Amino acid sequence: MVKGRNILLGVTGSIAAYKSVEIARRLVEEGASVKVVLTGAAQRFITPYMFETISSNPVYTDMFSDPFSHINLSREADLFLIAPATANTINKLSCGIADNLLSNLWLTYEGHALMAPAMNFRMYRNSTVKKHIRNLTQQGVQFAGPVSGSLACGEEGVGRMLEVPEILEEAASLFIEKDLKGENVLVTAGPTIEPVDPVRFISNRSSGKMGYAIARAALRRGAEVTLISGPSALTPPRGASFIPVEKTTEMDKAVFQCLKKSTAVVMAAAVSDYSPVEVSKVKRKKEDSNTLNLKVNKDIIKSLGKKKGKRYLIGFAAESGKDIESARSKLMGKNLDLIVLNDISRKDVGFNVDTNVVTLIDRNGRIADYPKMKKIEVADVILDRIVKFKKGKP
Ligand code: PMT
C-alpha cells in the first residue's frame, strides 16, 4: 500500500522517538521513499544519522539550510506522518505556528496527514491538547492512538504511542479506497478446540492468519468488522470488534448473536468437526480406556446458509489437493455465495503460514485460480467479491 509512495516522517521530542527509526525502516522495506524531518527536541533523543542510514536520504533539521525545503519536501509527499507527535507540536500545528522546519512544512502540506501522539497521560487529558486534537481532526488529520500503557515517567495511562505495526497499518489504510464503507463484515478465524479433559483437547493447526488478514483488509477498506476467533497467538486488528471463543458451540453462539448487524460473513475458521461425547472433569489417566467417543459438531456455516437473507456468505474449503468437486459440493450443500478452496497438502500455503494459494468458486459456476499470494492479498481478492455483489455484479 505504501510501495512507491513518498512519506515525510516528522519526528518530535519524545522518548518514543526511538520507535520512529523502526517506522522508517519498515516503510523503506515496504518500498516507500522516506524523508525524515527532526525537530530540535527530537535530536535530543535521537540522531539524524540513524535516519539517514535507514532511509538512504538526507535528513532535514534546519529551516535555513535551503530556502525552499519547506515547500519542496511537502510538495512531493503523499503522506505526512508525525510520530511521535508531542503535545507541544500538536498545539502549535493546530494554531498554525511555524517556528521550525517541521511546522513550516505542515503549513505548506495539503495531502494525507497522520499523527501518532505520545505524551504523559495528564498532558493528553489536558483540555487545551484535547481542543487542538479536535481542531486538527476537523481539518482531516488522522490520529493513531495514543493508547493506555506504562509511560516513560513510570506512570500508567493513556498517552503511550501506538506500536509501530499499528501505526503502519493506519498509514497504509489512508491510501486504500473505502469501497466497503457501510458494510458490516463478520469474520471467523482460527481453530475451535474441544476439551477432552482439563488438560487435553481436540483441535487443528489453524493459526488464525487467514481470518485476521481478512478482518484487517476489510477494516482498511472501510467496513465495520466483527472478528470471532478461536485461540490464536495473533493480536486482533485495531478497530475490529473482537470476540474470543474456544469451543464450536461458543463460536456458533457468537456468530448468531452478531448475525443481525452483519451484511457479509466470511467463515475462515477451521471449525472442529467433532467433539468428545463426554468431557472428563479430571485429567484422564493413562490406564483409563483409550477409546474416545466423538460426536459430530453443528455445522455453523450450513445453518447460516439457511438464514443468510441478503447477506453475502463466504466459506473456506481446506482440501488435501485441488479438489474442485468437493469444494463445489460444500458451496451448494451449505448454500454459500462463494467458497475459497485452499490446497492444504502443500507446506508453503494454507495452515499456519503467511501465504495461500486459492481457487474461488462461486454460485454461478465461475472458477478463478490465483497464484501464491500473501494472505493479506488473498483477503483483498475475497473482499472484492463482496464489493461486486453489493454493486449487483456478483
Ligand atoms: O488459520 P490459518 O493458519 O491462516 O489457516 C487458514 C485455513 C487453512 C484454516 C483457512 O484458510 C481454511 O481453509 N479454513 C476452513 C477450514 C475448514 O474447516 O474447512 P472445511 O472444509 O472443514 O469447512 C468448510 C467450511 O465450513 C468452512 O468455512 C468452515 O469454517 C465451515 N464449518 C466447518 C465445520 C463446522 N462444524 N462448521 C463450519 O461452519
# chains A, B, ... in the order shown; residues from 1 in each chain; ligands from 1
call {"tool": "residues_near_ligand", "arguments": {"ligand": "ligand 1", "cutoff": "6 Å", "atoms": "only C-alpha atoms and all ligand atoms", "output": "PyMOL selection string"}}
result
chain A and resi 190+206-210+267-273+297-301+315-318+342+350-352
call {"tool": "write_last_selection", "arguments": {"atoms": "N, CA and C atoms", "output": "compact mmCIF listing (two decimals), in the first residue's frame"}}
result
# COMPACT_ATOMS: atom_id res chain seq x y z
N GLY A 190 -9.19 -18.81 12.99
CA GLY A 190 -8.53 -19.72 13.94
C GLY A 190 -9.25 -21.05 14.07
N SER A 206 -4.89 -24.49 12.60
CA SER A 206 -5.18 -23.13 12.15
C SER A 206 -4.57 -22.11 13.10
N SER A 207 -3.87 -21.12 12.52
CA SER A 207 -3.22 -20.08 13.32
C SER A 207 -4.08 -18.84 13.45
N GLY A 208 -5.08 -18.73 12.57
CA GLY A 208 -5.89 -17.51 12.53
C GLY A 208 -5.40 -16.51 11.50
N LYS A 209 -4.24 -16.78 10.87
CA LYS A 209 -3.63 -15.79 9.97
C LYS A 209 -4.56 -15.37 8.83
N MET A 210 -5.23 -16.37 8.24
CA MET A 210 -6.09 -16.05 7.09
C MET A 210 -7.27 -15.17 7.53
N MET A 267 -16.44 -17.18 6.77
CA MET A 267 -16.07 -18.22 7.75
C MET A 267 -14.71 -18.80 7.36
N ALA A 268 -13.66 -18.17 7.85
CA ALA A 268 -12.31 -18.68 7.58
C ALA A 268 -11.85 -19.63 8.68
N ALA A 269 -12.64 -19.71 9.74
CA ALA A 269 -12.24 -20.57 10.87
C ALA A 269 -12.20 -22.03 10.46
N ALA A 270 -11.27 -22.75 11.07
CA ALA A 270 -11.23 -24.20 10.90
C ALA A 270 -11.97 -24.79 12.11
N VAL A 271 -13.25 -24.99 11.90
CA VAL A 271 -14.12 -25.43 13.00
C VAL A 271 -13.93 -26.94 13.20
N SER A 272 -13.76 -27.34 14.45
CA SER A 272 -13.61 -28.78 14.72
C SER A 272 -14.89 -29.51 14.33
N ASP A 273 -14.73 -30.53 13.53
CA ASP A 273 -15.92 -31.27 13.09
C ASP A 273 -16.48 -32.15 14.19
N ASN A 297 -20.04 -32.14 15.46
CA ASN A 297 -20.44 -30.78 15.86
C ASN A 297 -21.43 -30.18 14.87
N LYS A 298 -22.10 -29.16 15.33
CA LYS A 298 -23.01 -28.44 14.44
C LYS A 298 -22.19 -27.79 13.33
N ASP A 299 -22.70 -27.82 12.13
CA ASP A 299 -22.06 -27.13 11.01
C ASP A 299 -22.57 -25.69 11.02
N ILE A 300 -21.73 -24.80 11.50
CA ILE A 300 -22.18 -23.40 11.71
C ILE A 300 -22.58 -22.75 10.39
N ILE A 301 -21.72 -22.91 9.40
CA ILE A 301 -21.97 -22.19 8.14
C ILE A 301 -23.19 -22.77 7.41
N GLY A 315 -17.49 -19.19 2.46
CA GLY A 315 -16.89 -20.27 3.24
C GLY A 315 -15.52 -20.61 2.69
N PHE A 316 -14.78 -21.36 3.45
CA PHE A 316 -13.49 -21.88 3.00
C PHE A 316 -13.60 -23.39 2.87
N ALA A 317 -12.82 -23.95 1.99
CA ALA A 317 -12.73 -25.41 1.92
C ALA A 317 -11.26 -25.78 1.97
N ALA A 318 -10.88 -26.38 3.07
CA ALA A 318 -9.49 -26.85 3.19
C ALA A 318 -9.46 -28.28 2.68
N ASN A 342 -8.62 -23.97 -0.56
CA ASN A 342 -7.15 -23.99 -0.45
C ASN A 342 -6.66 -25.42 -0.29
N GLY A 350 -1.76 -22.41 3.08
CA GLY A 350 -2.81 -22.98 3.94
C GLY A 350 -2.57 -22.70 5.41
N PHE A 351 -2.50 -23.77 6.20
CA PHE A 351 -2.39 -23.63 7.66
C PHE A 351 -1.07 -23.01 8.12
N ASN A 352 -1.20 -22.03 9.02
CA ASN A 352 -0.07 -21.53 9.81
C ASN A 352 1.13 -21.02 9.01
call {"tool": "residues_around", "arguments": {"residues": "range 258-265 of chain A", "least_positions_apart": "2", "cutoff": "7 Å", "atoms": "only C-alpha atoms", "output": "list of chain:residue names"}}
result
A:Glu183, A:Asn184, A:Val185, A:Leu186, A:Val187, A:Ala254, A:Val255, A:Phe256, A:Met267, A:Arg311, A:Tyr312, A:Leu313, A:Ile314
call {"tool": "closest_residue", "arguments": {"among": "A:Ser33, A:Ala41, A:Val357, A:Phe80", "to": "Leu9 in chain A", "atoms": "only C-alpha atoms"}}
result
A:Phe80
call {"tool": "residues_around", "arguments": {"residues": "Leu219 in chain A", "least_positions_apart": "2", "cutoff": "10 Å", "atoms": "only C-alpha atoms", "output": "list in words"}}
result
Ser173, Lys178, Leu180, Lys181, Asn184, Val185, Ala213, Ile214, Ala215, Arg216, Ala217, Arg221, Gly222, Ala223, Glu224, Val225, Thr226, Pro237, Arg238, Gly239 and Ala240 of chain A
call {"tool": "write_last_selection", "arguments": {"atoms": "N, CA and C atoms", "output": "compact mmCIF listing (two decimals), in the first residue's frame"}}
result
# COMPACT_ATOMS: atom_id res chain seq x y z
N SER A 173 -3.70 2.29 5.42
CA SER A 173 -5.14 2.39 5.26
C SER A 173 -5.55 3.70 4.58
N LYS A 178 -12.21 3.22 0.20
CA LYS A 178 -13.11 2.71 1.24
C LYS A 178 -14.36 2.10 0.58
N LEU A 180 -15.75 -0.66 1.08
CA LEU A 180 -16.62 -1.48 1.93
C LEU A 180 -17.30 -0.62 3.00
N LYS A 181 -17.26 0.67 2.81
CA LYS A 181 -17.90 1.56 3.78
C LYS A 181 -19.40 1.25 3.82
N ASN A 184 -20.93 -4.38 7.09
CA ASN A 184 -20.58 -4.91 8.40
C ASN A 184 -20.16 -6.36 8.19
N VAL A 185 -18.86 -6.58 8.21
CA VAL A 185 -18.34 -7.90 7.84
C VAL A 185 -18.01 -8.72 9.09
N ALA A 213 -6.25 -11.68 8.54
CA ALA A 213 -5.91 -10.88 7.35
C ALA A 213 -7.18 -10.35 6.70
N ILE A 214 -8.21 -11.17 6.67
CA ILE A 214 -9.48 -10.71 6.08
C ILE A 214 -10.07 -9.57 6.92
N ALA A 215 -10.02 -9.74 8.23
CA ALA A 215 -10.55 -8.69 9.11
C ALA A 215 -9.77 -7.39 8.90
N ARG A 216 -8.44 -7.51 8.84
CA ARG A 216 -7.59 -6.32 8.67
C ARG A 216 -7.88 -5.64 7.32
N ALA A 217 -7.97 -6.44 6.27
CA ALA A 217 -8.21 -5.86 4.93
C ALA A 217 -9.58 -5.20 4.87
N ARG A 221 -10.57 -1.20 4.21
CA ARG A 221 -11.46 -0.80 3.13
C ARG A 221 -12.74 -0.15 3.65
N GLY A 222 -12.75 0.15 4.92
CA GLY A 222 -13.83 0.98 5.48
C GLY A 222 -14.97 0.23 6.11
N ALA A 223 -14.89 -1.12 6.18
CA ALA A 223 -16.01 -1.88 6.76
C ALA A 223 -15.96 -1.83 8.29
N GLU A 224 -17.12 -2.04 8.89
CA GLU A 224 -17.17 -2.35 10.31
C GLU A 224 -16.88 -3.85 10.38
N VAL A 225 -16.05 -4.26 11.32
CA VAL A 225 -15.66 -5.67 11.34
C VAL A 225 -15.86 -6.29 12.71
N THR A 226 -16.48 -7.46 12.71
CA THR A 226 -16.52 -8.26 13.93
C THR A 226 -15.67 -9.49 13.66
N PRO A 237 -6.84 -7.05 14.94
CA PRO A 237 -6.60 -5.73 14.35
C PRO A 237 -7.37 -4.65 15.11
N ARG A 238 -6.72 -3.50 15.26
CA ARG A 238 -7.34 -2.39 15.95
C ARG A 238 -8.58 -1.94 15.18
N GLY A 239 -9.64 -1.70 15.89
CA GLY A 239 -10.85 -1.23 15.22
C GLY A 239 -11.85 -2.33 15.01
N ALA A 240 -11.42 -3.58 15.11
CA ALA A 240 -12.39 -4.69 14.96
C ALA A 240 -13.05 -4.93 16.30
call {"tool": "closest_residue", "arguments": {"among": "A:Glu177, A:Glu287, A:Asp343, A:Asp66", "to": "Asp323 in chain A", "atoms": "only C-alpha atoms"}}
result
A:Asp343
call {"tool": "residues_around", "arguments": {"residues": "Arg44 in chain A", "least_positions_apart": "4", "cutoff": "10 Å", "atoms": "only C-alpha atoms", "output": "list in words"}}
result
Thr12, Gly13, Ser14, Ile15, Ala17, Thr39 and Gly40 of chain A
call {"tool": "residues_around", "arguments": {"residues": "Ile228 in chain A", "least_positions_apart": "3", "cutoff": "6 Å", "atoms": "only C-alpha atoms", "output": "VMD selection string"}}
result
chain A and resid 188 243 to 244
call {"tool": "select_by_dssp", "arguments": {"residues": "range 278-365 of chain A", "states": "strand (DSSP E)", "output": "list in words"}}
result
Leu294, Lys295, Val296, Tyr312, Leu313, Ile314, Gly315, Phe316, Ala317, Ala318, Glu319, Leu338, Ile339, Val340, Leu341, Asn342, Asp343, Thr355, Asn356, Val358, Thr359, Leu360, Ile361 and Asp362 of chain A
call {"tool": "write_last_selection", "arguments": {"atoms": "N, CA, C and O atoms", "output": "CSV table (one decimal), in the first residue's frame"}}
result
chain,number,residue,atom,x,y,z
A,294,LEU,N,-16.7,-39.8,20.0
A,294,LEU,CA,-16.9,-38.4,19.4
A,294,LEU,C,-18.3,-38.2,18.9
A,294,LEU,O,-18.9,-39.2,18.4
A,295,LYS,N,-18.7,-37.0,19.0
A,295,LYS,CA,-20.0,-36.7,18.3
A,295,LYS,C,-19.7,-35.6,17.2
A,295,LYS,O,-18.7,-34.8,17.4
A,296,VAL,N,-20.6,-35.5,16.2
A,296,VAL,CA,-20.4,-34.5,15.2
A,296,VAL,C,-20.9,-33.2,15.7
A,296,VAL,O,-22.0,-33.1,16.2
A,312,TYR,N,-24.0,-11.7,2.0
A,312,TYR,CA,-23.1,-12.5,1.1
A,312,TYR,C,-22.3,-13.5,2.0
A,312,TYR,O,-21.7,-13.0,3.0
A,313,LEU,N,-22.4,-14.7,1.7
A,313,LEU,CA,-21.8,-15.8,2.6
A,313,LEU,C,-20.7,-16.5,2.0
A,313,LEU,O,-20.8,-17.1,0.9
A,314,ILE,N,-19.5,-16.4,2.6
A,314,ILE,CA,-18.3,-17.0,2.1
A,314,ILE,C,-17.8,-18.0,3.0
A,314,ILE,O,-17.6,-17.8,4.2
A,315,GLY,N,-17.5,-19.2,2.5
A,315,GLY,CA,-16.9,-20.3,3.2
A,315,GLY,C,-15.5,-20.6,2.7
A,315,GLY,O,-15.1,-20.2,1.6
A,316,PHE,N,-14.8,-21.4,3.4
A,316,PHE,CA,-13.5,-21.9,3.0
A,316,PHE,C,-13.6,-23.4,2.9
A,316,PHE,O,-14.4,-24.0,3.6
A,317,ALA,N,-12.8,-23.9,2.0
A,317,ALA,CA,-12.7,-25.4,1.9
A,317,ALA,C,-11.3,-25.8,2.0
A,317,ALA,O,-10.5,-25.4,1.1
A,318,ALA,N,-10.9,-26.4,3.1
A,318,ALA,CA,-9.5,-26.8,3.2
A,318,ALA,C,-9.5,-28.3,2.7
A,318,ALA,O,-10.1,-29.2,3.3
A,319,GLU,N,-8.8,-28.5,1.6
A,319,GLU,CA,-8.8,-29.8,0.9
A,319,GLU,C,-7.4,-30.3,0.7
A,319,GLU,O,-6.5,-29.5,0.5
A,338,LEU,N,-19.9,-18.0,-2.2
A,338,LEU,CA,-18.6,-18.2,-2.7
A,338,LEU,C,-17.8,-19.1,-1.7
A,338,LEU,O,-18.0,-19.1,-0.5
A,339,ILE,N,-17.0,-20.0,-2.3
A,339,ILE,CA,-16.1,-20.8,-1.5
A,339,ILE,C,-14.7,-20.6,-1.9
A,339,ILE,O,-14.4,-20.5,-3.1
A,340,VAL,N,-13.8,-20.6,-0.9
A,340,VAL,CA,-12.4,-20.3,-1.1
A,340,VAL,C,-11.7,-21.7,-0.9
A,340,VAL,O,-11.6,-22.1,0.2
A,341,LEU,N,-11.3,-22.3,-2.0
A,341,LEU,CA,-10.6,-23.6,-1.9
A,341,LEU,C,-9.1,-23.4,-1.7
A,341,LEU,O,-8.5,-22.7,-2.4
A,342,ASN,N,-8.6,-24.0,-0.6
A,342,ASN,CA,-7.2,-24.0,-0.4
A,342,ASN,C,-6.7,-25.4,-0.3
A,342,ASN,O,-7.2,-26.2,0.4
A,343,ASP,N,-5.6,-25.7,-1.0
A,343,ASP,CA,-5.0,-27.0,-1.0
A,343,ASP,C,-4.0,-27.0,0.1
A,343,ASP,O,-2.9,-26.5,0.1
A,355,THR,N,1.3,-17.3,3.5
A,355,THR,CA,0.9,-17.3,2.1
A,355,THR,C,-0.3,-18.3,1.9
A,355,THR,O,-0.4,-19.3,2.7
A,356,ASN,N,-1.0,-18.1,0.8
A,356,ASN,CA,-2.0,-19.1,0.4
A,356,ASN,C,-2.1,-19.1,-1.1
A,356,ASN,O,-1.8,-18.2,-1.8
A,358,VAL,N,-5.2,-20.0,-3.6
A,358,VAL,CA,-6.7,-20.2,-3.5
A,358,VAL,C,-7.3,-20.3,-4.9
A,358,VAL,O,-6.8,-19.7,-5.9
A,359,THR,N,-8.4,-21.0,-4.9
A,359,THR,CA,-9.3,-21.0,-6.1
A,359,THR,C,-10.7,-20.6,-5.6
A,359,THR,O,-11.2,-21.1,-4.6
A,360,LEU,N,-11.2,-19.5,-6.2
A,360,LEU,CA,-12.6,-19.1,-5.8
A,360,LEU,C,-13.6,-19.7,-6.7
A,360,LEU,O,-13.5,-19.6,-7.9
A,361,ILE,N,-14.6,-20.3,-6.1
A,361,ILE,CA,-15.7,-20.9,-6.8
A,361,ILE,C,-17.0,-20.2,-6.4
A,361,ILE,O,-17.3,-20.2,-5.2
A,362,ASP,N,-17.8,-19.7,-7.4
A,362,ASP,CA,-19.0,-19.0,-6.9
A,362,ASP,C,-20.2,-19.8,-7.4
A,362,ASP,O,-20.1,-20.8,-8.1
call {"tool": "residues_around", "arguments": {"residues": "Gly10 in chain A", "least_positions_apart": "4", "cutoff": "7 Å", "atoms": "only C-alpha atoms", "output": "list in words"}}
result
Val36, Val37, Leu38, Leu81, Ile82, Ala83 and Leu102 of chain A
call {"tool": "write_last_selection", "arguments": {"atoms": "C-alpha atoms", "output": "short mmCIF file (atom, residue, chain, number, x, y, z; two decimals), in the first residue's frame"}}
result
data_model
loop_
_atom_site.label_atom_id
_atom_site.label_comp_id
_atom_site.auth_asym_id
_atom_site.auth_seq_id
_atom_site.Cartn_x
_atom_site.Cartn_y
_atom_site.Cartn_z
CA VAL A 36 12.71 12.49 7.72
CA VAL A 37 12.43 15.86 9.40
CA LEU A 38 13.51 16.17 13.03
CA LEU A 81 3.33 11.17 9.24
CA ILE A 82 4.30 12.71 12.56
CA ALA A 83 5.39 10.03 15.02
CA LEU A 102 8.54 20.70 10.64
#
call {"tool": "atom_distance", "arguments": {"atom1": "CA of Val129 in chain A", "atom2": "CA of Ser103 in chain A"}}
result
16.7 Å
call {"tool": "residues_around", "arguments": {"residues": "Asp384 in chain A", "least_positions_apart": "5", "cutoff": "9 Å", "atoms": "only C-alpha atoms", "output": "list in words"}}
result
Asp179, Ala379 and Phe389 of chain A
call {"tool": "write_last_selection", "arguments": {"atoms": "N, CA, C and O atoms", "output": "mmCIF file, in the first residue's frame"}}
result
data_model
loop_
_atom_site.group_PDB
_atom_site.id
_atom_site.type_symbol
_atom_site.label_atom_id
_atom_site.label_comp_id
_atom_site.auth_asym_id
_atom_site.auth_seq_id
_atom_site.Cartn_x
_atom_site.Cartn_y
_atom_site.Cartn_z
ATOM 1 N N ASP A 179 -14.116 1.076 -0.227
ATOM 2 C CA ASP A 179 -15.228 0.512 -1.006
ATOM 3 C C ASP A 179 -16.102 -0.440 -0.190
ATOM 4 O O ASP A 179 -17.083 -0.981 -0.702
ATOM 5 N N ALA A 379 -6.897 -11.909 0.991
ATOM 6 C CA ALA A 379 -8.042 -11.288 1.659
ATOM 7 C C ALA A 379 -8.697 -10.267 0.735
ATOM 8 O O ALA A 379 -9.928 -10.220 0.605
ATOM 9 N N PHE A 389 -20.679 -7.958 -5.410
ATOM 10 C CA PHE A 389 -22.031 -8.410 -5.064
ATOM 11 C C PHE A 389 -22.893 -7.216 -4.664
ATOM 12 O O PHE A 389 -24.043 -7.087 -5.083
#
call {"tool": "select_by_dssp", "arguments": {"residues": "range 337-393 of chain A", "states": "helix (DSSP H, G or I)", "output": "count of residues only"}}
result
16
